[in-house]
>>> print(open('run28.cif').read())   # mmCIF, N, CA and C atoms
data_data
loop_
_atom_site.label_atom_id
_atom_site.label_comp_id
_atom_site.auth_asym_id
_atom_site.auth_seq_id
_atom_site.Cartn_x
_atom_site.Cartn_y
_atom_site.Cartn_z
N MET A 1 79.90 86.39 51.58
CA MET A 1 80.02 87.75 52.09
C MET A 1 81.00 87.73 53.26
N THR A 2 82.11 88.39 53.10
CA THR A 2 83.09 88.49 54.17
C THR A 2 82.92 89.83 54.87
N LEU A 3 82.79 89.78 56.17
CA LEU A 3 82.59 90.99 56.96
C LEU A 3 83.78 91.19 57.88
N SER A 4 84.09 92.45 58.15
CA SER A 4 85.15 92.75 59.11
C SER A 4 84.82 94.04 59.84
N ILE A 5 85.40 94.16 61.01
CA ILE A 5 85.22 95.36 61.82
C ILE A 5 86.43 96.25 61.57
N PRO A 6 86.18 97.46 61.07
CA PRO A 6 87.30 98.37 60.76
C PRO A 6 88.08 98.76 62.03
N ASP A 7 89.32 99.14 61.84
CA ASP A 7 90.17 99.56 62.96
C ASP A 7 89.63 100.77 63.71
N HIS A 8 88.83 101.60 63.04
CA HIS A 8 88.32 102.82 63.69
C HIS A 8 87.09 102.55 64.57
N VAL A 9 86.69 101.28 64.69
CA VAL A 9 85.54 100.93 65.53
C VAL A 9 86.02 100.06 66.68
N SER A 10 85.76 100.54 67.90
CA SER A 10 86.05 99.72 69.07
C SER A 10 84.71 99.33 69.70
N TRP A 11 84.71 98.26 70.46
CA TRP A 11 83.45 97.81 71.05
C TRP A 11 83.71 97.15 72.39
N GLN A 12 82.66 97.20 73.21
CA GLN A 12 82.77 96.68 74.57
C GLN A 12 81.41 96.18 75.02
N ASN A 13 81.42 95.06 75.71
CA ASN A 13 80.19 94.54 76.30
C ASN A 13 79.81 95.40 77.49
N VAL A 14 78.56 95.77 77.56
CA VAL A 14 78.00 96.47 78.71
C VAL A 14 76.74 95.71 79.11
N PRO A 15 76.27 95.86 80.34
CA PRO A 15 75.11 95.08 80.78
C PRO A 15 73.91 95.21 79.83
N GLY A 16 73.48 94.07 79.28
CA GLY A 16 72.29 94.04 78.45
C GLY A 16 72.47 94.47 77.01
N GLU A 17 73.64 94.95 76.65
CA GLU A 17 73.85 95.39 75.27
C GLU A 17 75.34 95.42 74.95
N LEU A 18 75.64 96.03 73.83
CA LEU A 18 77.02 96.16 73.41
C LEU A 18 77.21 97.59 72.92
N ALA A 19 78.30 98.21 73.29
CA ALA A 19 78.55 99.60 72.90
C ALA A 19 79.67 99.64 71.86
N LEU A 20 79.40 100.33 70.76
CA LEU A 20 80.39 100.55 69.72
C LEU A 20 80.83 102.00 69.79
N PHE A 21 82.10 102.24 69.51
CA PHE A 21 82.61 103.61 69.48
C PHE A 21 83.34 103.81 68.16
N ASP A 22 82.90 104.81 67.41
CA ASP A 22 83.51 105.14 66.13
C ASP A 22 84.54 106.24 66.36
N LEU A 23 85.81 105.87 66.25
CA LEU A 23 86.90 106.81 66.52
C LEU A 23 86.95 107.96 65.53
N ARG A 24 86.34 107.79 64.35
CA ARG A 24 86.37 108.85 63.34
C ARG A 24 85.56 110.07 63.78
N ASP A 25 84.39 109.83 64.35
CA ASP A 25 83.52 110.95 64.70
C ASP A 25 83.19 111.03 66.20
N GLY A 26 83.72 110.10 66.99
CA GLY A 26 83.50 110.13 68.43
C GLY A 26 82.10 109.72 68.86
N ARG A 27 81.38 109.03 67.99
CA ARG A 27 80.00 108.64 68.31
C ARG A 27 79.94 107.23 68.87
N TYR A 28 79.05 107.07 69.85
CA TYR A 28 78.75 105.77 70.41
C TYR A 28 77.51 105.21 69.74
N HIS A 29 77.45 103.92 69.62
CA HIS A 29 76.29 103.22 69.08
C HIS A 29 75.98 102.08 70.03
N ALA A 30 74.77 102.01 70.54
CA ALA A 30 74.38 100.94 71.46
C ALA A 30 73.61 99.88 70.67
N LEU A 31 74.01 98.63 70.85
CA LEU A 31 73.33 97.52 70.18
C LEU A 31 72.53 96.74 71.21
N ASN A 32 71.27 96.44 70.86
CA ASN A 32 70.43 95.64 71.75
C ASN A 32 70.91 94.19 71.73
N GLY A 33 70.23 93.33 72.44
CA GLY A 33 70.67 91.95 72.60
C GLY A 33 70.90 91.20 71.30
N THR A 34 69.92 91.21 70.40
CA THR A 34 70.06 90.47 69.15
C THR A 34 71.12 91.08 68.25
N ALA A 35 71.15 92.39 68.14
CA ALA A 35 72.18 93.05 67.33
C ALA A 35 73.56 92.76 67.91
N ALA A 36 73.64 92.71 69.23
CA ALA A 36 74.92 92.38 69.87
C ALA A 36 75.35 90.95 69.54
N GLU A 37 74.39 90.03 69.48
CA GLU A 37 74.71 88.65 69.09
C GLU A 37 75.28 88.61 67.67
N ILE A 38 74.66 89.36 66.78
CA ILE A 38 75.13 89.43 65.39
C ILE A 38 76.54 89.99 65.36
N TRP A 39 76.77 91.09 66.08
CA TRP A 39 78.09 91.73 66.10
C TRP A 39 79.16 90.77 66.60
N ARG A 40 78.87 90.08 67.70
CA ARG A 40 79.85 89.15 68.26
C ARG A 40 80.16 88.01 67.28
N ALA A 41 79.13 87.57 66.56
CA ALA A 41 79.33 86.51 65.57
C ALA A 41 80.22 87.01 64.43
N ILE A 42 80.00 88.24 63.99
CA ILE A 42 80.85 88.84 62.96
C ILE A 42 82.28 88.94 63.47
N ALA A 43 82.45 89.40 64.71
CA ALA A 43 83.78 89.54 65.30
C ALA A 43 84.49 88.18 65.40
N ALA A 44 83.71 87.12 65.55
CA ALA A 44 84.26 85.77 65.64
C ALA A 44 84.55 85.18 64.26
N GLY A 45 84.23 85.94 63.21
CA GLY A 45 84.53 85.48 61.85
C GLY A 45 83.48 84.59 61.23
N GLN A 46 82.28 84.57 61.80
CA GLN A 46 81.23 83.71 61.26
C GLN A 46 80.68 84.27 59.95
N SER A 47 80.25 83.37 59.09
CA SER A 47 79.61 83.75 57.83
C SER A 47 78.14 84.10 58.09
N LEU A 48 77.50 84.67 57.08
CA LEU A 48 76.08 85.00 57.20
C LEU A 48 75.28 83.76 57.55
N SER A 49 75.52 82.65 56.86
CA SER A 49 74.74 81.44 57.14
C SER A 49 75.01 80.92 58.56
N GLU A 50 76.23 81.01 59.03
CA GLU A 50 76.54 80.59 60.40
C GLU A 50 75.83 81.47 61.42
N ILE A 51 75.77 82.76 61.15
CA ILE A 51 75.08 83.69 62.06
C ILE A 51 73.59 83.35 62.11
N VAL A 52 72.99 83.13 60.95
CA VAL A 52 71.56 82.80 60.89
C VAL A 52 71.28 81.49 61.62
N ILE A 53 72.09 80.48 61.40
CA ILE A 53 71.90 79.19 62.07
C ILE A 53 72.00 79.35 63.59
N GLY A 54 72.99 80.11 64.04
CA GLY A 54 73.15 80.33 65.47
C GLY A 54 71.98 81.07 66.09
N LEU A 55 71.51 82.10 65.40
CA LEU A 55 70.36 82.85 65.92
C LEU A 55 69.10 81.99 65.91
N ARG A 56 68.93 81.19 64.87
CA ARG A 56 67.75 80.32 64.76
C ARG A 56 67.71 79.34 65.92
N ALA A 57 68.88 78.87 66.36
CA ALA A 57 68.94 77.92 67.47
C ALA A 57 68.53 78.56 68.79
N ARG A 58 68.69 79.88 68.89
CA ARG A 58 68.42 80.57 70.15
C ARG A 58 67.13 81.39 70.16
N HIS A 59 66.53 81.58 68.99
CA HIS A 59 65.34 82.43 68.91
C HIS A 59 64.22 81.71 68.15
N ASP A 60 63.00 81.97 68.57
CA ASP A 60 61.83 81.35 67.94
C ASP A 60 61.32 82.25 66.83
N ALA A 61 61.95 82.15 65.68
CA ALA A 61 61.54 82.92 64.52
C ALA A 61 61.91 82.13 63.28
N PRO A 62 61.16 82.32 62.19
CA PRO A 62 61.49 81.61 60.95
C PRO A 62 62.86 82.01 60.42
N GLU A 63 63.55 81.05 59.81
CA GLU A 63 64.89 81.31 59.30
C GLU A 63 64.92 82.48 58.32
N GLY A 64 63.91 82.58 57.47
CA GLY A 64 63.86 83.68 56.50
C GLY A 64 63.78 85.04 57.17
N GLU A 65 63.02 85.11 58.26
CA GLU A 65 62.92 86.36 59.02
C GLU A 65 64.26 86.73 59.64
N ILE A 66 64.91 85.73 60.19
CA ILE A 66 66.20 85.97 60.84
C ILE A 66 67.21 86.42 59.81
N GLU A 67 67.27 85.75 58.67
CA GLU A 67 68.23 86.13 57.63
C GLU A 67 67.98 87.57 57.15
N LYS A 68 66.71 87.92 56.99
CA LYS A 68 66.37 89.29 56.56
C LYS A 68 66.85 90.30 57.60
N ALA A 69 66.61 90.01 58.87
CA ALA A 69 67.02 90.93 59.94
C ALA A 69 68.53 91.07 60.00
N VAL A 70 69.25 89.97 59.83
CA VAL A 70 70.72 90.01 59.85
C VAL A 70 71.22 90.86 58.69
N LYS A 71 70.67 90.64 57.50
CA LYS A 71 71.08 91.41 56.33
C LYS A 71 70.80 92.89 56.51
N GLU A 72 69.65 93.22 57.11
CA GLU A 72 69.31 94.63 57.36
C GLU A 72 70.29 95.25 58.36
N PHE A 73 70.64 94.51 59.40
CA PHE A 73 71.60 95.01 60.38
C PHE A 73 72.94 95.27 59.70
N ILE A 74 73.40 94.32 58.91
CA ILE A 74 74.69 94.46 58.22
C ILE A 74 74.67 95.67 57.29
N ALA A 75 73.59 95.83 56.54
CA ALA A 75 73.49 96.97 55.62
C ALA A 75 73.52 98.29 56.37
N ALA A 76 72.81 98.36 57.50
CA ALA A 76 72.80 99.59 58.30
C ALA A 76 74.18 99.88 58.88
N ALA A 77 74.84 98.85 59.39
CA ALA A 77 76.18 99.03 59.97
C ALA A 77 77.18 99.45 58.90
N ARG A 78 77.07 98.86 57.73
CA ARG A 78 77.97 99.25 56.62
C ARG A 78 77.73 100.69 56.21
N SER A 79 76.47 101.09 56.15
CA SER A 79 76.16 102.46 55.72
C SER A 79 76.72 103.51 56.69
N LYS A 80 76.90 103.12 57.95
CA LYS A 80 77.47 104.01 58.97
C LYS A 80 78.98 103.85 59.09
N GLY A 81 79.55 102.96 58.29
CA GLY A 81 80.99 102.73 58.33
C GLY A 81 81.45 101.89 59.50
N LEU A 82 80.51 101.18 60.13
CA LEU A 82 80.86 100.36 61.29
C LEU A 82 81.32 98.97 60.92
N LEU A 83 81.00 98.54 59.70
CA LEU A 83 81.44 97.25 59.17
C LEU A 83 82.03 97.46 57.79
N ALA A 84 82.98 96.62 57.47
CA ALA A 84 83.58 96.66 56.12
C ALA A 84 83.29 95.36 55.42
#
>>> encode(input="run28.cif", output="structure tokens")
Amino acid sequence: MTLSIPDHVSWQNVPGELALFDLRDGRYHALNGTAAEIWRAIAAGQSLSEIVIGLRARHDAPEGEIEKAVKEFIAAARSKGLLA
């Protein structure tokens, strides 16, 4: 699964989270800590398995749970046009 951030989405680190701005509709989206980690990993070009491995190293949760959460985040971001 190859993921990319479309040109119409800009993002910036803010204290404690990450802010996304969709230039198409002028909406902001705030990502919490874990979602921000996923976003940064996607921006760095990491694969799904690399993202899961990285999160597993930093969080105390089963790998299957982490993978499910990452996939749900990706699906939600895609449905909003924030990821391609």
>>> resolve_selection(input="run28.cif", expression="the PyMOL selection byres ((chain A and resi 83) around 8)", output="PyMOL selection string")
chain A and resi 3-6+9+74+76-82+84
>>> select_by_dssp(input="run28.cif", residues="chain A", states="helix (DSSP H, G or I)", output="ChimeraX atom specification")
/A:33-43,48-58,63-79
>>> residues_around(input="run28.cif", residues="Glu63 of chain A", least_positions_apart="3", cutoff="8 Å", atoms="only C-alpha atoms", output="PyMOL selection string")
chain A and resi 52-53+56+66-67
>>> atom_distance(input="run28.cif", atom1="atom CA of His29 of chain A", atom2="atom C of Ala44 of chain A")
20.4 Å
>>> resolve_selection(input="run28.cif", expression="the PyMOL selection byres (((chain A and resi 36 and name CA) around 10) and name CA)", output="number ranges by chain")
A: 13, 16-20, 30-35, 37-42
>>> atom_distance(input="run28.cif", atom1="atom CA of Arg27 of chain A", atom2="atom N of Pro15 of chain A")
17.9 Å
>>> select_by_dssp(input="run28.cif", residues="chain A", states="strand (DSSP E or B)", output="MDAnalysis selection string")
chainID A and resid 9:14 17:22 27:31
>>> decode(input="run28.cif", residues="segment 54-70 of chain A", atoms="N, CA, C and O atoms", output="mmCIF file, in the first residue's frame")
data_model
loop_
_atom_site.group_PDB
_atom_site.id
_atom_site.type_symbol
_atom_site.label_atom_id
_atom_site.label_comp_id
_atom_site.auth_asym_id
_atom_site.auth_seq_id
_atom_site.Cartn_x
_atom_site.Cartn_y
_atom_site.Cartn_z
ATOM 1 N N GLY A 54 7.142 0.749 14.106
ATOM 2 C CA GLY A 54 7.557 1.936 14.846
ATOM 3 C C GLY A 54 6.632 2.256 16.007
ATOM 4 O O GLY A 54 7.096 2.568 17.114
ATOM 5 N N LEU A 55 5.332 2.154 15.766
ATOM 6 C CA LEU A 55 4.375 2.422 16.845
ATOM 7 C C LEU A 55 4.472 1.362 17.933
ATOM 8 O O LEU A 55 4.369 1.673 19.124
ATOM 9 N N ARG A 56 4.663 0.112 17.536
ATOM 10 C CA ARG A 56 4.771 -0.982 18.506
ATOM 11 C C ARG A 56 5.964 -0.762 19.429
ATOM 12 O O ARG A 56 5.905 -1.053 20.617
ATOM 13 N N ALA A 57 7.049 -0.206 18.895
ATOM 14 C CA ALA A 57 8.242 0.048 19.703
ATOM 15 C C ALA A 57 8.006 1.148 20.733
ATOM 16 O O ALA A 57 8.672 1.177 21.765
ATOM 17 N N ARG A 58 7.054 2.031 20.460
ATOM 18 C CA ARG A 58 6.825 3.177 21.346
ATOM 19 C C ARG A 58 5.561 3.071 22.199
ATOM 20 O O ARG A 58 5.364 3.879 23.104
ATOM 21 N N HIS A 59 4.700 2.103 21.890
ATOM 22 C CA HIS A 59 3.431 1.993 22.609
ATOM 23 C C HIS A 59 3.211 0.566 23.096
ATOM 24 O O HIS A 59 3.586 -0.395 22.431
ATOM 25 N N ASP A 60 2.580 0.452 24.251
ATOM 26 C CA ASP A 60 2.309 -0.856 24.842
ATOM 27 C C ASP A 60 0.937 -1.340 24.386
ATOM 28 O O ASP A 60 -0.061 -1.151 25.082
ATOM 29 N N ALA A 61 0.905 -1.910 23.206
ATOM 30 C CA ALA A 61 -0.332 -2.459 22.658
ATOM 31 C C ALA A 61 0.036 -3.599 21.724
ATOM 32 O O ALA A 61 1.119 -3.590 21.130
ATOM 33 N N PRO A 62 -0.857 -4.572 21.582
ATOM 34 C CA PRO A 62 -0.579 -5.683 20.670
ATOM 35 C C PRO A 62 -0.450 -5.205 19.224
ATOM 36 O O PRO A 62 -1.140 -4.272 18.805
ATOM 37 N N GLU A 63 0.425 -5.868 18.470
ATOM 38 C CA GLU A 63 0.670 -5.473 17.090
ATOM 39 C C GLU A 63 -0.612 -5.467 16.263
ATOM 40 O O GLU A 63 -0.829 -4.569 15.454
ATOM 41 N N GLY A 64 -1.474 -6.449 16.472
ATOM 42 C CA GLY A 64 -2.733 -6.517 15.726
ATOM 43 C C GLY A 64 -3.622 -5.313 15.985
ATOM 44 O O GLY A 64 -4.277 -4.809 15.066
ATOM 45 N N GLU A 65 -3.648 -4.864 17.233
ATOM 46 C CA GLU A 65 -4.433 -3.675 17.588
ATOM 47 C C GLU A 65 -3.878 -2.433 16.904
ATOM 48 O O GLU A 65 -4.620 -1.592 16.404
ATOM 49 N N ILE A 66 -2.566 -2.331 16.919
ATOM 50 C CA ILE A 66 -1.918 -1.173 16.299
ATOM 51 C C ILE A 66 -2.182 -1.169 14.808
ATOM 52 O O ILE A 66 -2.553 -0.138 14.230
ATOM 53 N N GLU A 67 -2.026 -2.313 14.160
ATOM 54 C CA GLU A 67 -2.250 -2.386 12.716
ATOM 55 C C GLU A 67 -3.696 -2.008 12.370
ATOM 56 O O GLU A 67 -3.936 -1.266 11.423
ATOM 57 N N LYS A 68 -4.638 -2.487 13.174
ATOM 58 C CA LYS A 68 -6.051 -2.155 12.943
ATOM 59 C C LYS A 68 -6.274 -0.650 13.066
ATOM 60 O O LYS A 68 -6.944 -0.037 12.241
ATOM 61 N N ALA A 69 -5.696 -0.044 14.096
ATOM 62 C CA ALA A 69 -5.858 1.395 14.306
ATOM 63 C C ALA A 69 -5.238 2.199 13.172
ATOM 64 O O ALA A 69 -5.812 3.193 12.711
ATOM 65 N N VAL A 70 -4.080 1.776 12.695
ATOM 66 C CA VAL A 70 -3.413 2.474 11.587
ATOM 67 C C VAL A 70 -4.272 2.375 10.334
ATOM 68 O O VAL A 70 -4.487 3.371 9.635
#
